[in-house]
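To be precise, the following lines are model.txt, and they hold compact mmCIF, C-alpha atoms.
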```
# COMPACT_ATOMS: atom_id res chain seq x y z
CA ASP U 165 9.25 3.07 -1.70
CA SER U 166 6.56 2.57 0.97
CA GLY U 167 4.24 0.56 -1.27
CA VAL U 168 1.49 3.19 -0.98
CA THR U 169 0.59 4.81 -4.29
CA GLN U 170 -1.16 8.12 -4.88
CA THR U 171 -2.43 9.74 -8.04
CA PRO U 172 -2.15 12.27 -9.46
CA LYS U 173 1.23 13.60 -8.35
CA HIS U 174 0.31 17.19 -9.16
CA LEU U 175 -3.03 18.87 -9.64
CA ILE U 176 -3.69 22.47 -10.64
CA THR U 177 -7.25 23.71 -10.62
CA ALA U 178 -9.31 26.83 -10.15
CA THR U 179 -11.31 28.07 -7.18
CA GLY U 180 -14.77 26.60 -6.97
CA GLN U 181 -13.80 23.38 -8.71
CA ARG U 182 -13.93 19.80 -7.46
CA VAL U 183 -11.10 17.26 -7.53
CA THR U 184 -10.60 13.63 -6.57
CA LEU U 185 -7.38 12.27 -5.14
CA ARG U 186 -6.73 8.55 -5.22
CA CYS U 187 -4.78 6.29 -2.89
CA SER U 188 -3.92 2.59 -3.06
CA PRO U 189 -2.70 1.13 0.23
CA ARG U 190 0.09 -1.37 0.69
CA SER U 191 -0.87 -4.94 -0.04
CA GLY U 192 -2.57 -6.40 3.02
CA ASP U 193 -3.22 -3.08 4.75
CA LEU U 194 -6.85 -2.52 5.74
CA SER U 195 -6.60 1.08 6.94
CA VAL U 196 -6.20 4.26 4.96
CA TYR U 197 -5.53 7.63 6.54
CA TRP U 198 -5.63 11.01 4.82
CA TYR U 199 -3.46 13.95 5.89
CA GLN U 200 -3.08 17.53 4.70
CA GLN U 201 0.32 19.19 4.85
CA SER U 202 0.54 22.95 4.53
CA LEU U 203 3.27 25.37 5.51
CA ASP U 204 1.26 27.05 8.26
CA GLN U 205 -0.62 24.02 9.64
CA GLY U 206 1.92 21.25 9.34
CA LEU U 207 0.69 17.67 8.99
CA GLN U 208 -2.99 17.46 9.90
CA PHE U 209 -5.02 14.29 10.17
CA LEU U 210 -8.17 14.41 8.06
CA ILE U 211 -9.92 11.05 8.13
CA HIS U 212 -9.38 7.33 8.69
CA TYR U 213 -11.08 4.41 6.95
CA TYR U 214 -10.77 0.80 8.02
CA ASN U 215 -11.92 -1.97 5.71
CA GLY U 216 -14.43 0.26 3.98
CA GLU U 217 -15.84 2.01 7.02
CA GLU U 218 -15.09 5.44 8.40
CA ARG U 219 -13.35 5.06 11.71
CA ALA U 220 -12.27 8.55 12.76
CA LYS U 221 -12.45 12.13 11.61
CA GLY U 222 -10.00 14.88 12.26
CA ASN U 223 -9.98 18.45 11.04
CA ILE U 224 -11.76 17.70 7.80
CA LEU U 225 -13.87 20.42 6.22
CA GLU U 226 -17.45 19.70 5.23
CA ARG U 227 -16.45 20.42 1.61
CA PHE U 228 -14.15 17.40 1.78
CA SER U 229 -15.28 13.79 1.78
CA ALA U 230 -13.65 10.41 1.41
CA GLN U 231 -14.49 6.79 0.90
CA GLN U 232 -12.78 3.43 0.83
CA PHE U 233 -13.84 0.93 -1.78
CA PRO U 234 -14.15 -2.88 -1.54
CA ASP U 235 -10.70 -3.29 -3.11
CA LEU U 236 -9.44 -1.04 -0.26
CA HIS U 237 -8.32 1.86 -2.40
CA SER U 238 -9.53 5.22 -1.19
CA GLU U 239 -10.53 8.52 -2.73
CA LEU U 240 -10.53 11.96 -1.19
CA ASN U 241 -12.96 14.38 -2.78
CA LEU U 242 -12.40 18.10 -2.39
CA SER U 243 -15.15 20.44 -3.60
CA SER U 244 -15.79 24.18 -3.82
CA LEU U 245 -12.05 24.62 -3.71
CA GLU U 246 -10.54 27.72 -2.15
CA LEU U 247 -7.05 29.15 -2.42
CA GLY U 248 -6.35 27.98 1.11
CA ASP U 249 -6.88 24.36 0.10
CA SER U 250 -3.58 24.43 -1.76
CA ALA U 251 -1.42 21.90 0.05
CA LEU U 252 0.16 18.49 -0.10
CA TYR U 253 -2.28 15.67 0.53
CA PHE U 254 -0.90 12.39 1.78
CA CYS U 255 -2.48 9.09 2.40
CA ALA U 256 -0.99 6.50 4.68
CA SER U 257 -1.89 2.88 5.21
CA SER U 258 -1.49 0.37 8.00
CA VAL U 259 -2.59 -3.12 8.90
CA ASP U 260 -4.24 -2.02 12.17
CA GLY U 261 -4.26 -5.51 13.54
CA GLY U 262 -2.11 -7.36 16.01
CA LEU U 263 1.15 -5.43 16.32
CA GLY U 264 0.90 -3.84 12.88
CA TYR U 265 -0.13 -0.29 13.56
CA GLU U 266 2.69 1.51 11.75
CA GLN U 267 1.49 4.00 9.18
CA TYR U 268 3.30 4.14 5.85
CA PHE U 269 2.90 7.25 3.74
CA GLY U 270 2.50 7.61 0.03
CA PRO U 271 4.38 10.19 -2.09
CA GLY U 272 1.54 12.70 -1.89
CA THR U 273 -0.53 14.80 -4.27
CA ARG U 274 0.38 18.46 -4.58
CA LEU U 275 -2.79 20.48 -5.07
CA THR U 276 -2.56 24.04 -6.32
CA VAL U 277 -5.73 26.10 -6.42
CA THR U 278 -5.50 29.26 -8.53
CA GLY O 197 -7.04 15.71 21.55
CA GLU O 198 -3.31 15.25 21.56
CA ASN O 199 -0.90 18.17 21.31
CA VAL O 200 2.70 17.48 20.31
CA GLU O 201 5.45 20.07 20.60
CA GLN O 202 8.77 19.58 18.86
CA HIS O 203 12.12 21.34 19.37
CA PRO O 204 14.23 22.69 17.85
CA SER O 205 12.61 23.83 14.60
CA THR O 206 15.99 23.88 12.86
CA LEU O 207 19.22 22.07 13.64
CA SER O 208 22.58 22.38 11.93
CA VAL O 209 25.29 19.88 12.80
CA GLN O 210 28.76 19.07 11.55
CA GLU O 211 29.08 15.78 9.74
CA GLY O 212 29.99 13.08 12.23
CA ASP O 213 28.40 14.87 15.19
CA SER O 214 25.18 13.83 16.91
CA ALA O 215 21.73 15.37 16.50
CA VAL O 216 18.98 15.32 19.11
CA ILE O 217 15.35 16.29 18.58
CA LYS O 218 12.91 16.48 21.47
CA CYS O 219 9.13 16.20 21.60
CA THR O 220 6.55 16.49 24.34
CA TYR O 221 2.98 15.26 24.28
CA SER O 222 -0.05 16.18 26.33
CA ASP O 223 -2.30 13.12 26.52
CA SER O 224 -1.12 10.36 28.82
CA ALA O 225 -3.30 7.89 26.85
CA SER O 226 -0.92 8.14 23.87
CA ASN O 227 0.70 4.74 23.44
CA TYR O 228 2.77 4.85 20.28
CA PHE O 229 5.41 7.34 19.14
CA PRO O 230 6.79 7.17 15.59
CA TRP O 231 9.41 9.34 13.97
CA TYR O 232 9.29 10.25 10.30
CA LYS O 233 11.89 11.65 7.93
CA GLN O 234 10.70 13.73 5.01
CA GLU O 235 12.96 14.62 2.13
CA LEU O 236 12.10 17.34 -0.34
CA GLY O 237 9.29 16.32 -2.67
CA LYS O 238 8.64 13.03 -0.90
CA GLY O 239 6.22 11.63 1.61
CA PRO O 240 7.16 11.09 5.27
CA GLN O 241 9.17 7.93 5.79
CA LEU O 242 8.88 5.97 9.02
CA ILE O 243 12.40 5.63 10.45
CA ILE O 244 11.84 4.38 13.99
CA ASP O 245 9.05 4.06 16.51
CA ILE O 246 8.56 3.22 20.15
CA ARG O 247 5.63 1.93 22.14
CA SER O 248 4.64 3.12 25.57
CA ASN O 249 5.82 -0.05 27.30
CA VAL O 250 9.42 0.50 26.13
CA GLY O 251 11.90 3.12 27.32
CA GLU O 252 14.47 3.01 24.55
CA LYS O 253 14.92 1.57 21.07
CA LYS O 254 17.91 1.64 18.78
CA ASP O 255 18.38 0.93 15.09
CA GLN O 256 21.96 1.40 13.87
CA ARG O 257 22.70 5.15 14.14
CA ILE O 258 19.20 6.09 15.24
CA ALA O 259 17.75 5.76 18.74
CA VAL O 260 14.59 6.90 20.42
CA THR O 261 13.96 7.33 24.14
CA LEU O 262 10.63 7.72 25.91
CA ASN O 263 9.91 9.14 29.34
CA LYS O 264 6.25 8.44 30.05
CA THR O 265 6.25 10.21 33.39
CA ALA O 266 7.50 13.44 31.86
CA LYS O 267 5.59 12.83 28.62
CA HIS O 268 8.53 13.44 26.38
CA PHE O 269 10.44 11.45 23.80
CA SER O 270 13.58 12.15 21.82
CA LEU O 271 15.30 11.12 18.61
CA HIS O 272 19.06 10.69 18.63
CA ILE O 273 21.08 10.42 15.42
CA THR O 274 24.76 9.59 15.87
CA GLU O 275 27.61 9.98 13.38
CA THR O 276 25.48 12.19 11.16
CA GLN O 277 25.97 12.02 7.40
CA PRO O 278 24.91 14.42 4.62
CA GLU O 279 22.06 12.07 3.68
CA ASP O 280 20.57 12.63 7.14
CA SER O 281 19.66 16.17 6.04
CA ALA O 282 15.85 16.31 5.94
CA VAL O 283 12.81 17.38 7.94
CA TYR O 284 12.06 15.11 10.89
CA PHE O 285 8.63 14.79 12.47
CA CYS O 286 7.69 13.20 15.75
CA ALA O 287 4.16 11.99 16.34
CA ALA O 288 2.03 10.58 19.12
CA ARG O 289 -0.90 8.25 18.69
CA LEU O 290 -3.91 7.91 20.90
CA PRO O 291 -5.72 4.54 21.19
CA ASP O 292 -8.15 5.71 18.46
CA TYR O 293 -5.23 5.47 15.98
CA LYS O 294 -5.11 9.21 15.21
CA LEU O 295 -1.56 10.48 14.80
CA SER O 296 -0.77 14.00 16.01
CA PHE O 297 2.42 15.39 14.55
CA GLY O 298 4.96 17.85 15.82
CA ALA O 299 5.76 20.87 13.66
CA GLY O 300 8.97 19.34 12.32
CA THR O 301 12.71 19.90 12.64
CA THR O 302 14.81 20.80 9.62
CA VAL O 303 18.16 19.08 10.05
CA THR O 304 21.13 20.21 8.00
CA VAL O 305 24.34 18.20 8.13
CA ARG O 306 27.35 20.31 7.13
CA ALA O 307 30.11 18.50 5.30
```
What is this structure when it is put down as structure tokens?
Amino acid sequence: DSGVTQTPKHLITATGQRVTLRCSPRSGDLSVYWYQQSLDQGLQFLIHYYNGEERAKGNILERFSAQQFPDLHSELNLSSLELGDSALYFCASSVDGGLGYEQYFGPGTRLTVT
Amino acid sequence: GENVEQHPSTLSVQEGDSAVIKCTYSDSASNYFPWYKQELGKGPQLIIDIRSNVGEKKDQRIAVTLNKTAKHFSLHITETQPEDSAVYFCAARLPDYKLSFGAGTTVTVRA
């Protein structure tokens, strides 16, 4: 158990809908990273938040957005869902200070868009 | 950005034998190289990592080597066991903290 929690574990929704994925980082970690894992694209970095502020963006679609709250949990919002958005979504957390840059992954949310 | 290539895509080894996975990266600014193990239905688990100022690191049956000049790094698993069967990912991180992952290697340990 990495100490990173994600909810829900599974999500099934229809095209055009909007969903919110939630992540709680390990205790003491200030950074949250979101990744998408699909069969054809592998593990792709989406976005990074550090202590409430967006720090870096990767290949994140405009239909997707994220935020990190004062208690450091993060939410990834996916809107106008398409079939191709079906994937595993992982968050990872790290301290990002001193020597603590290791990223620890949560168990993921499996999103199925029908 | 960083581009990480990983080989082989699949690896089958006899229990007790060694397994080696190799990765290359493109950006010489990358300074941190973790390896993750992902079992079916689970998130990637960090198993070992190495920083750019170190050439080799070992943790029990797992070792990682880094050649900065050639921009490649490798994972070595010795005395493989059935529980080593999983998908392994290498990654490289640039100073902006973004991790770029290889495509993964599916390791099967035959009993």
> Near chain O, which residues of chain U fall within 6 Å when you count only C-alpha atoms, and what do they look like as a count of residues only?
Replying inline: 5
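Residues in contact with region 231-236 of chain U at up to 10 Å, not including ones fewer than 4 positions away on its chain and judged by all atoms listed in the file, are Arg186, Cys187, Ser188, Pro189, Arg190, Ser191, Gly192, Asp193, Leu194, Ser195, Val196, Ile211, His212, Tyr213, Tyr214, Asn215, Gly216, Glu217, Glu218, Leu240 and Asn241 of chain U.
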> Which residues come within 9 Å of region 220-226 of chain O, counting all atoms listed in the file, excluding same-chain residues fewer than 4 positions away, as a list in words?
Replying inline: Gly197, Glu198, Asn199, Val200, Glu201, Gln202, His203, Ser248, Lys264, Thr265, Ala266, Lys267, His268, Phe269, Ser270, Ala287, Ala288, Arg289, Leu290, Pro291 and Gly298 of chain O
> How far is it from CA of Ile273 (chain O) to CA of Arg247 (chain O), in Å with one decimal?
Replying inline: 18.9 Å
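Every polymer residue reaching to within 9 Å of (-8.5, 24.2, -10.0), counting only C-alpha atoms, appears in this list: Leu175, Ile176, Thr177, Ala178, Thr179, Gly180, Gln181, Arg182, Val183, Leu245, Glu246, Leu275, Thr276, Val277 and Thr278 of chain U.
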Work out where the centre of an axis-aligned box around every listed atom of region 218-232 of chain U lies and how long its edges are once 4 Å is added on each side; give both in Å to one decimal as JSON.
```
{"center_x": -13.7, "center_y": 11.9, "center_z": 6.8, "size_x": 15.5, "size_y": 25.0, "size_z": 19.9}
```
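In terms of minimum interatomic distance to Gln200 (chain U), U:Gly222 ranks closest within U:Ser238, U:Ser243, U:Tyr268, U:Gly222, counting only C-alpha atoms.
Considering all atoms listed in the file, the residue among U:Ser258, U:Thr184, U:Thr273, U:Ser250 positioned nearest to Asp204 (chain U) is U:Ser250.
Nearest to Cys219 (chain O) of all the residues O:Asn263, O:Thr301, O:Cys286, O:Arg306 is O:Cys286, based on only C-alpha atoms.
With distances restricted to all atoms listed in the file, O:Trp231 is the closest residue to Glu266 (chain U) from O:Trp231, O:Thr261, O:Glu275, O:Val250.
Interatomic distance, CA of His174 (chain U) against CA of Leu252 (chain U): 9.2 Å.
Between CA of His272 (chain O) and CA of Phe209 (chain U) the separation is 25.8 Å.
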Pull out region 177-190 of chain U, keep all heavy atoms, and write it as a short mmCIF file (atom, residue, chain, number, x, y, z; two decimals), in the first residue's frame.
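Result went into decode.cif, see below:
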```cif
data_model
loop_
_atom_site.label_atom_id
_atom_site.label_comp_id
_atom_site.auth_asym_id
_atom_site.auth_seq_id
_atom_site.Cartn_x
_atom_site.Cartn_y
_atom_site.Cartn_z
N THR U 177 -19.60 5.50 -17.44
CA THR U 177 -20.45 6.62 -17.78
C THR U 177 -20.63 6.69 -19.29
O THR U 177 -20.00 5.93 -20.03
CB THR U 177 -19.85 7.93 -17.23
OG1 THR U 177 -20.80 8.98 -17.38
CG2 THR U 177 -18.58 8.29 -17.97
N ALA U 178 -21.48 7.58 -19.72
CA ALA U 178 -21.80 7.66 -21.14
C ALA U 178 -21.04 8.82 -21.80
O ALA U 178 -20.59 9.75 -21.12
CB ALA U 178 -23.30 7.85 -21.31
N THR U 179 -20.93 8.76 -23.11
CA THR U 179 -20.29 9.85 -23.85
C THR U 179 -21.02 11.16 -23.58
O THR U 179 -22.25 11.18 -23.37
CB THR U 179 -20.28 9.58 -25.36
OG1 THR U 179 -21.62 9.31 -25.79
CG2 THR U 179 -19.41 8.37 -25.70
N GLY U 180 -20.25 12.23 -23.51
CA GLY U 180 -20.81 13.54 -23.28
C GLY U 180 -20.95 13.92 -21.81
O GLY U 180 -21.17 15.09 -21.49
N GLN U 181 -20.78 12.95 -20.93
CA GLN U 181 -20.93 13.21 -19.50
C GLN U 181 -19.66 13.81 -18.90
O GLN U 181 -18.62 13.91 -19.54
CB GLN U 181 -21.30 11.92 -18.77
CG GLN U 181 -22.65 11.36 -19.15
CD GLN U 181 -23.78 12.32 -18.83
OE1 GLN U 181 -23.92 12.76 -17.67
NE2 GLN U 181 -24.58 12.67 -19.82
N ARG U 182 -19.79 14.17 -17.62
CA ARG U 182 -18.68 14.74 -16.86
C ARG U 182 -18.48 13.91 -15.60
O ARG U 182 -19.45 13.49 -14.97
CB ARG U 182 -19.01 16.19 -16.49
CG ARG U 182 -18.04 16.84 -15.55
CD ARG U 182 -18.60 18.18 -15.07
NE ARG U 182 -17.80 18.74 -13.99
CZ ARG U 182 -16.82 19.60 -14.15
NH1 ARG U 182 -16.49 20.01 -15.34
NH2 ARG U 182 -16.16 20.06 -13.10
N VAL U 183 -17.21 13.67 -15.25
CA VAL U 183 -16.91 12.90 -14.03
C VAL U 183 -15.81 13.59 -13.26
O VAL U 183 -15.05 14.40 -13.81
CB VAL U 183 -16.49 11.45 -14.35
CG1 VAL U 183 -17.61 10.68 -15.03
CG2 VAL U 183 -15.21 11.42 -15.18
N THR U 184 -15.73 13.27 -11.98
CA THR U 184 -14.68 13.80 -11.11
C THR U 184 -13.98 12.64 -10.42
O THR U 184 -14.63 11.80 -9.80
CB THR U 184 -15.26 14.75 -10.06
OG1 THR U 184 -15.84 15.88 -10.73
CG2 THR U 184 -14.16 15.24 -9.12
N LEU U 185 -12.67 12.62 -10.55
CA LEU U 185 -11.86 11.61 -9.89
C LEU U 185 -11.13 12.28 -8.72
O LEU U 185 -10.66 13.42 -8.85
CB LEU U 185 -10.82 11.02 -10.87
CG LEU U 185 -11.34 10.60 -12.24
CD1 LEU U 185 -10.21 9.97 -13.05
CD2 LEU U 185 -12.51 9.66 -12.14
N ARG U 186 -11.02 11.55 -7.63
CA ARG U 186 -10.45 12.14 -6.42
C ARG U 186 -9.19 11.40 -5.99
O ARG U 186 -9.10 10.17 -6.13
CB ARG U 186 -11.48 12.11 -5.29
CG ARG U 186 -11.01 12.73 -4.00
CD ARG U 186 -12.03 12.52 -2.90
NE ARG U 186 -11.47 12.89 -1.61
CZ ARG U 186 -11.76 14.04 -0.99
NH1 ARG U 186 -12.60 14.89 -1.53
NH2 ARG U 186 -11.22 14.32 0.18
N CYS U 187 -8.25 12.18 -5.45
CA CYS U 187 -6.98 11.61 -5.01
C CYS U 187 -6.57 12.25 -3.68
O CYS U 187 -6.61 13.48 -3.55
CB CYS U 187 -5.90 11.87 -6.06
SG CYS U 187 -4.21 11.54 -5.52
N SER U 188 -6.16 11.42 -2.73
CA SER U 188 -5.58 11.92 -1.49
C SER U 188 -4.13 11.48 -1.43
O SER U 188 -3.85 10.28 -1.50
CB SER U 188 -6.35 11.39 -0.27
OG SER U 188 -7.63 11.94 -0.22
N PRO U 189 -3.21 12.42 -1.31
CA PRO U 189 -1.79 12.05 -1.32
C PRO U 189 -1.37 11.41 -0.01
O PRO U 189 -2.12 11.40 0.97
CB PRO U 189 -1.09 13.40 -1.52
CG PRO U 189 -2.04 14.40 -0.91
CD PRO U 189 -3.41 13.87 -1.18
N ARG U 190 -0.16 10.89 0.01
CA ARG U 190 0.42 10.37 1.24
C ARG U 190 0.56 11.51 2.24
O ARG U 190 0.76 12.68 1.85
CB ARG U 190 1.81 9.78 0.99
CG ARG U 190 1.85 8.57 0.09
CD ARG U 190 3.27 8.00 0.03
NE ARG U 190 4.29 9.04 -0.08
CZ ARG U 190 5.55 8.90 0.28
NH1 ARG U 190 5.96 7.74 0.78
NH2 ARG U 190 6.42 9.88 0.15
#
```
